[in-house]
$ cat work_13.cif   # mmCIF, C-alpha atoms
data_coords
#
loop_
_atom_site.label_atom_id
_atom_site.label_comp_id
_atom_site.auth_asym_id
_atom_site.auth_seq_id
_atom_site.Cartn_x
_atom_site.Cartn_y
_atom_site.Cartn_z
CA MET A 1 129.33 87.75 72.38
CA ALA A 2 132.48 88.23 74.48
CA ASP A 3 130.36 89.21 77.49
CA LEU A 4 128.38 85.98 77.15
CA ILE A 5 131.56 83.86 77.11
CA VAL A 6 132.98 85.65 80.17
CA THR A 7 129.69 85.18 82.04
CA LEU A 8 129.59 81.47 81.15
CA LEU A 9 133.20 81.04 82.31
CA LYS A 10 132.36 82.76 85.63
CA VAL A 11 129.35 80.47 86.16
CA ALA A 12 131.39 77.38 85.25
CA PHE A 13 134.17 78.45 87.65
CA LEU A 14 131.68 78.95 90.48
CA ALA A 15 130.08 75.56 89.78
CA VAL A 16 133.48 73.83 89.91
CA LEU A 17 134.36 75.73 93.09
CA TRP A 18 131.11 74.67 94.79
CA LEU A 19 131.63 71.07 93.64
CA PHE A 20 135.08 71.12 95.27
CA VAL A 21 133.68 72.54 98.53
CA LEU A 22 130.95 69.87 98.62
CA LEU A 23 133.48 67.08 98.00
CA VAL A 24 135.70 68.34 100.84
CA ALA A 25 132.68 68.56 103.17
CA ASN A 26 131.70 64.99 102.23
CA VAL A 27 135.19 63.68 103.03
CA ILE A 28 135.14 65.42 106.41
CA ARG A 29 131.65 64.12 107.16
CA THR A 30 132.63 60.57 106.19
CA ASP A 31 135.73 60.66 108.39
CA LEU A 32 133.90 62.07 111.40
CA PHE A 33 130.63 60.15 111.19
CA ARG A 34 131.61 56.88 109.49
CA THR A 35 128.99 54.17 109.86
CA VAL A 36 130.01 51.31 112.13
CA PRO A 37 130.50 47.96 110.36
CA ALA A 38 128.52 45.04 111.76
CA GLY A 39 130.37 42.68 114.03
CA PRO A 40 131.62 42.30 117.59
CA ARG A 41 133.11 45.40 119.14
CA GLY A 42 134.07 44.64 122.69
CA LYS A 43 135.98 47.28 124.59
CA VAL A 44 139.55 46.41 125.41
CA PRO A 45 141.11 47.26 128.78
CA VAL A 46 144.02 49.72 128.43
CA SER A 47 146.77 50.00 131.01
CA ARG A 48 150.23 51.50 131.48
CA ASP A 49 151.65 48.32 132.99
CA ALA A 50 151.76 44.64 132.08
CA GLY A 51 150.21 43.49 135.36
CA SER A 52 146.65 44.27 134.31
CA THR A 53 146.38 41.67 131.53
CA ARG A 54 143.95 38.88 132.21
CA PRO A 55 145.02 35.26 131.88
CA SER A 56 143.66 33.49 128.83
CA LYS A 57 143.45 30.06 127.30
CA ARG A 58 146.11 30.91 124.73
CA GLY A 59 149.51 29.25 124.59
CA LYS A 60 152.57 30.72 126.30
CA LYS A 61 154.15 31.94 123.03
CA GLU A 62 151.07 33.59 121.54
CA PRO A 63 150.88 37.39 121.76
CA LYS A 64 148.73 38.66 124.63
CA VAL A 65 149.55 42.38 124.64
CA LEU A 66 149.67 45.17 122.05
CA ALA A 67 152.42 47.61 123.06
CA ILE A 68 152.60 51.13 121.63
CA ASP A 69 156.26 52.07 121.18
CA ASN A 70 156.15 55.44 119.38
CA GLY A 71 153.52 58.10 118.92
CA PRO A 72 151.27 60.24 121.10
CA GLN A 73 150.37 57.26 123.35
CA ALA A 74 153.82 55.68 123.63
CA GLY A 75 154.08 53.34 126.61
CA THR A 76 150.44 52.23 126.50
CA ARG A 77 149.90 48.47 126.65
CA LEU A 78 146.65 46.87 125.61
CA ALA A 79 145.38 43.40 126.56
CA LEU A 80 144.41 41.63 123.35
CA VAL A 81 140.90 40.27 122.81
CA ASP A 82 139.81 38.17 119.84
CA GLU A 83 138.84 41.14 117.66
CA PHE A 84 138.91 44.92 117.93
CA ARG A 85 139.10 48.06 115.83
CA ILE A 86 141.72 50.79 115.91
CA GLY A 87 141.11 54.43 114.95
CA ARG A 88 140.13 57.90 116.15
CA SER A 89 136.40 57.16 116.41
CA ALA A 90 134.80 56.72 119.82
CA GLU A 91 133.42 53.41 118.51
CA CYS A 92 136.93 51.91 118.31
CA ALA A 93 138.34 49.80 121.12
CA LEU A 94 141.78 51.40 120.72
CA ILE A 95 141.41 55.14 120.15
CA LEU A 96 144.58 56.70 118.77
CA ASP A 97 145.06 60.44 119.23
CA ASP A 98 146.93 60.87 115.95
CA ASP A 99 146.08 63.25 113.08
CA TYR A 100 147.14 60.63 110.51
CA VAL A 101 144.68 57.99 111.78
CA SER A 102 141.20 57.64 110.23
CA GLY A 103 137.98 57.28 112.22
CA ASP A 104 137.88 53.52 111.61
CA HIS A 105 141.43 52.83 110.53
CA ALA A 106 142.15 49.12 110.99
CA SER A 107 141.05 45.98 112.78
CA LEU A 108 143.13 43.36 114.55
CA ALA A 109 141.60 39.90 114.86
CA ARG A 110 142.72 36.51 116.11
CA ARG A 111 142.09 33.53 113.85
CA PRO A 112 141.09 30.17 115.34
CA SER A 113 144.63 28.97 114.56
CA GLY A 114 145.99 31.62 116.94
CA GLU A 115 147.40 33.93 114.25
CA TRP A 116 146.73 37.67 114.52
CA VAL A 117 145.55 39.38 111.35
CA VAL A 118 145.50 43.13 110.70
CA THR A 119 143.06 44.52 108.12
CA ASP A 120 143.04 48.08 106.83
CA LEU A 121 139.47 49.43 106.84
CA GLY A 122 139.87 51.80 103.89
CA SER A 123 141.98 54.35 105.73
CA THR A 124 143.39 57.39 103.99
CA ASN A 125 147.00 57.04 105.13
CA GLY A 126 147.21 53.25 105.24
CA THR A 127 148.30 50.58 107.71
CA PHE A 128 151.84 49.21 107.58
CA VAL A 129 153.41 45.93 108.75
CA ASN A 130 157.21 46.13 108.75
CA GLU A 131 156.88 49.34 106.67
CA VAL A 132 154.94 47.51 103.91
CA ARG A 133 151.45 48.87 103.25
CA VAL A 134 148.64 46.42 104.06
CA VAL A 135 146.39 45.89 101.02
CA ALA A 136 144.81 42.62 102.19
CA PRO A 137 144.38 40.98 105.61
CA THR A 138 147.95 40.39 106.80
CA VAL A 139 149.27 38.07 109.52
CA VAL A 140 151.15 39.89 112.31
CA THR A 141 153.54 38.14 114.69
CA ALA A 142 155.45 39.26 117.79
CA SER A 143 158.50 39.97 115.62
CA ASP A 144 156.57 42.36 113.33
CA SER A 145 156.20 46.11 113.61
CA LEU A 146 152.71 47.60 113.07
CA ARG A 147 152.36 51.28 112.13
CA ILE A 148 149.10 53.21 111.98
CA GLY A 149 149.58 56.91 111.28
CA ARG A 150 152.56 58.01 113.38
CA THR A 151 151.87 55.35 116.00
CA GLN A 152 154.26 52.37 116.06
CA MET A 153 153.02 49.18 117.78
CA ARG A 154 154.04 45.57 118.30
CA LEU A 155 152.56 42.39 119.70
CA GLU A 156 154.09 40.98 122.88
CA THR A 157 153.86 37.51 124.39
#
$ encode --input "work_13.cif" --output "structure tokens"
Amino acid sequence: MADLIVTLLKVAFLAVLWLFVLLVANVIRTDLFRTVPAGPRGKVPVSRDAGSTRPSKRGKKEPKVLAIDNGPQAGTRLALVDEFRIGRSAECALILDDDYVSGDHASLARRPSGEWVVTDLGSTNGTFVNEVRVVAPTVVTASDSLRIGRTQMRLET
């Protein structure tokens, strides 16, 4: 009888171990090959200087540039378009080379009123505005700090 119990415990342990391995593989697969949500995904021009931004119909005080202050791509400036995604995936308009950033991490979109809204797309490590975790679409202004992974960003006018 004792041999039967030991054998059953070994089989149960192996089953739990395999379940764990499959769950880890699924998380890795999901992060690497996440399906792309429907919607516009225009590429955004990236530059190291402010001179490459295109003029737009926006007002003078509305943000026109996303500046990366800290992180692996510090100094990068990005001309803002009406909507784009941020993450490590090649499908994102802003690709961040940061281990703490998910494949599709967040999106930044401009409302018709001119406000910029950041939305976390179910990332593992979260998106933060002024060091407060984003749990719903959140308005971002030029005075706010946006952090995704170890990358610190801000909007500029």
$ closest_residue --input "work_13.cif" --among "A:Leu9, A:Leu14, A:Ile148, A:Val81" --to "Ile95 (chain A)" --atoms "all atoms listed in the file"
A:Ile148
$ resolve_selection --input "work_13.cif" --expression "the PyMOL selection byres ((chain A and resi 64) around 8)" --output "compact mmCIF listing (two decimals) with C-alpha atoms, in the frame of the given file"
# COMPACT_ATOMS: atom_id res chain seq x y z
CA THR A 53 146.38 41.67 131.53
CA GLU A 62 151.07 33.59 121.54
CA PRO A 63 150.88 37.39 121.76
CA VAL A 65 149.55 42.38 124.64
CA LEU A 66 149.67 45.17 122.05
CA ALA A 79 145.38 43.40 126.56
CA LEU A 80 144.41 41.63 123.35
CA LEU A 155 152.56 42.39 119.70
CA GLU A 156 154.09 40.98 122.88
CA THR A 157 153.86 37.51 124.39
$ closest_residue --input "work_13.cif" --among "A:Val27, A:Ala90, A:Val101, A:Leu32" --to "Arg150 (chain A)" --atoms "all atoms listed in the file"
A:Val101
$ atom_distance --input "work_13.cif" --atom1 "CA of Arg147 (chain A)" --atom2 "CA of Gly114 (chain A)"
21.2 Å
$ atom_distance --input "work_13.cif" --atom1 "CA of Asp69 (chain A)" --atom2 "CA of Ser145 (chain A)"
9.6 Å
$ closest_residue --input "work_13.cif" --among "A:Ile68, A:Ala109, A:Met1, A:Gly103" --to "Asp82 (chain A)" --atoms "all atoms listed in the file"
A:Ala109
$ residues_around --input "work_13.cif" --residues "Arg111 (chain A)" --least-positions-apart "6" --cutoff "12 Å" --atoms "only C-alpha atoms" --output "list in words"
Arg58, Glu62, Val81, Asp82, Glu83, Val117, Val118, Pro137, Thr138, Val139 and Val140 of chain A
$ build_atoms --input "work_13.cif" --residues "region 56-86 of chain A" --atoms "N, CA and C atoms" --output "PDB file, in the frame of the given file"
ATOM      1  N   SER A  56     144.534  34.033 129.867  1.00  0.00           N
ATOM      2  CA  SER A  56     143.660  33.490 128.830  1.00  0.00           C
ATOM      3  C   SER A  56     144.012  32.042 128.553  1.00  0.00           C
ATOM      4  N   LYS A  57     143.254  31.461 127.644  1.00  0.00           N
ATOM      5  CA  LYS A  57     143.450  30.060 127.300  1.00  0.00           C
ATOM      6  C   LYS A  57     144.496  29.887 126.210  1.00  0.00           C
ATOM      7  N   ARG A  58     145.136  30.971 125.810  1.00  0.00           N
ATOM      8  CA  ARG A  58     146.110  30.910 124.730  1.00  0.00           C
ATOM      9  C   ARG A  58     147.405  30.278 125.223  1.00  0.00           C
ATOM     10  N   GLY A  59     148.219  29.843 124.261  1.00  0.00           N
ATOM     11  CA  GLY A  59     149.510  29.250 124.590  1.00  0.00           C
ATOM     12  C   GLY A  59     150.479  30.292 125.116  1.00  0.00           C
ATOM     13  N   LYS A  60     151.580  29.823 125.687  1.00  0.00           N
ATOM     14  CA  LYS A  60     152.570  30.720 126.300  1.00  0.00           C
ATOM     15  C   LYS A  60     153.227  31.627 125.256  1.00  0.00           C
ATOM     16  N   LYS A  61     153.415  31.176 124.028  1.00  0.00           N
ATOM     17  CA  LYS A  61     154.150  31.940 123.030  1.00  0.00           C
ATOM     18  C   LYS A  61     153.256  32.819 122.166  1.00  0.00           C
ATOM     19  N   GLU A  62     151.975  32.749 122.339  1.00  0.00           N
ATOM     20  CA  GLU A  62     151.070  33.590 121.540  1.00  0.00           C
ATOM     21  C   GLU A  62     151.029  34.996 122.130  1.00  0.00           C
ATOM     22  N   PRO A  63     150.950  36.008 121.266  1.00  0.00           N
ATOM     23  CA  PRO A  63     150.880  37.390 121.760  1.00  0.00           C
ATOM     24  C   PRO A  63     149.640  37.613 122.631  1.00  0.00           C
ATOM     25  N   LYS A  64     149.824  38.355 123.712  1.00  0.00           N
ATOM     26  CA  LYS A  64     148.730  38.660 124.630  1.00  0.00           C
ATOM     27  C   LYS A  64     148.560  40.156 124.844  1.00  0.00           C
ATOM     28  N   VAL A  65     149.546  40.949 124.384  1.00  0.00           N
ATOM     29  CA  VAL A  65     149.550  42.380 124.640  1.00  0.00           C
ATOM     30  C   VAL A  65     149.945  43.124 123.359  1.00  0.00           C
ATOM     31  N   LEU A  66     149.283  44.256 123.123  1.00  0.00           N
ATOM     32  CA  LEU A  66     149.670  45.170 122.050  1.00  0.00           C
ATOM     33  C   LEU A  66     150.352  46.348 122.719  1.00  0.00           C
ATOM     34  N   ALA A  67     151.638  46.539 122.437  1.00  0.00           N
ATOM     35  CA  ALA A  67     152.420  47.610 123.060  1.00  0.00           C
ATOM     36  C   ALA A  67     152.646  48.731 122.066  1.00  0.00           C
ATOM     37  N   ILE A  68     152.369  49.959 122.480  1.00  0.00           N
ATOM     38  CA  ILE A  68     152.600  51.130 121.630  1.00  0.00           C
ATOM     39  C   ILE A  68     153.972  51.670 121.973  1.00  0.00           C
ATOM     40  N   ASP A  69     154.874  51.652 120.973  1.00  0.00           N
ATOM     41  CA  ASP A  69     156.260  52.070 121.180  1.00  0.00           C
ATOM     42  C   ASP A  69     156.492  53.545 120.887  1.00  0.00           C
ATOM     43  N   ASN A  70     155.949  54.050 119.785  1.00  0.00           N
ATOM     44  CA  ASN A  70     156.150  55.440 119.380  1.00  0.00           C
ATOM     45  C   ASN A  70     154.819  56.072 119.055  1.00  0.00           C
ATOM     46  N   GLY A  71     154.743  57.382 119.227  1.00  0.00           N
ATOM     47  CA  GLY A  71     153.520  58.100 118.920  1.00  0.00           C
ATOM     48  C   GLY A  71     152.994  58.808 120.144  1.00  0.00           C
ATOM     49  N   PRO A  72     151.842  59.465 119.999  1.00  0.00           N
ATOM     50  CA  PRO A  72     151.270  60.240 121.100  1.00  0.00           C
ATOM     51  C   PRO A  72     150.966  59.405 122.354  1.00  0.00           C
ATOM     52  N   GLN A  73     150.722  58.111 122.200  1.00  0.00           N
ATOM     53  CA  GLN A  73     150.370  57.260 123.350  1.00  0.00           C
ATOM     54  C   GLN A  73     151.448  56.229 123.643  1.00  0.00           C
ATOM     55  N   ALA A  74     152.703  56.591 123.392  1.00  0.00           N
ATOM     56  CA  ALA A  74     153.820  55.680 123.630  1.00  0.00           C
ATOM     57  C   ALA A  74     153.811  55.205 125.081  1.00  0.00           C
ATOM     58  N   GLY A  75     154.076  53.920 125.271  1.00  0.00           N
ATOM     59  CA  GLY A  75     154.080  53.340 126.610  1.00  0.00           C
ATOM     60  C   GLY A  75     152.785  52.646 126.978  1.00  0.00           C
ATOM     61  N   THR A  76     151.728  52.879 126.223  1.00  0.00           N
ATOM     62  CA  THR A  76     150.440  52.230 126.500  1.00  0.00           C
ATOM     63  C   THR A  76     150.528  50.766 126.105  1.00  0.00           C
ATOM     64  N   ARG A  77     149.957  49.908 126.934  1.00  0.00           N
ATOM     65  CA  ARG A  77     149.900  48.470 126.650  1.00  0.00           C
ATOM     66  C   ARG A  77     148.439  48.046 126.711  1.00  0.00           C
ATOM     67  N   LEU A  78     148.035  47.234 125.773  1.00  0.00           N
ATOM     68  CA  LEU A  78     146.650  46.870 125.610  1.00  0.00           C
ATOM     69  C   LEU A  78     146.498  45.357 125.650  1.00  0.00           C
ATOM     70  N   ALA A  79     145.648  44.844 126.527  1.00  0.00           N
ATOM     71  CA  ALA A  79     145.380  43.400 126.560  1.00  0.00           C
ATOM     72  C   ALA A  79     144.589  43.031 125.315  1.00  0.00           C
ATOM     73  N   LEU A  80     145.053  42.032 124.595  1.00  0.00           N
ATOM     74  CA  LEU A  80     144.410  41.630 123.350  1.00  0.00           C
ATOM     75  C   LEU A  80     143.161  40.796 123.601  1.00  0.00           C
ATOM     76  N   VAL A  81     142.104  41.094 122.856  1.00  0.00           N
ATOM     77  CA  VAL A  81     140.900  40.270 122.810  1.00  0.00           C
ATOM     78  C   VAL A  81     140.813  39.726 121.396  1.00  0.00           C
ATOM     79  N   ASP A  82     139.855  38.853 121.123  1.00  0.00           N
ATOM     80  CA  ASP A  82     139.810  38.170 119.840  1.00  0.00           C
ATOM     81  C   ASP A  82     139.668  39.087 118.628  1.00  0.00           C
ATOM     82  N   GLU A  83     138.990  40.226 118.782  1.00  0.00           N
ATOM     83  CA  GLU A  83     138.840  41.140 117.660  1.00  0.00           C
ATOM     84  C   GLU A  83     138.543  42.536 118.172  1.00  0.00           C
ATOM     85  N   PHE A  84     139.213  43.530 117.586  1.00  0.00           N
ATOM     86  CA  PHE A  84     138.910  44.920 117.930  1.00  0.00           C
ATOM     87  C   PHE A  84     139.357  45.844 116.810  1.00  0.00           C
ATOM     88  N   ARG A  85     138.794  47.054 116.842  1.00  0.00           N
ATOM     89  CA  ARG A  85     139.100  48.060 115.830  1.00  0.00           C
ATOM     90  C   ARG A  85     139.986  49.148 116.412  1.00  0.00           C
ATOM     91  N   ILE A  86     140.787  49.739 115.530  1.00  0.00           N
ATOM     92  CA  ILE A  86     141.720  50.790 115.910  1.00  0.00           C
ATOM     93  C   ILE A  86     141.414  52.021 115.068  1.00  0.00           C
TER      94      ILE A  86
END
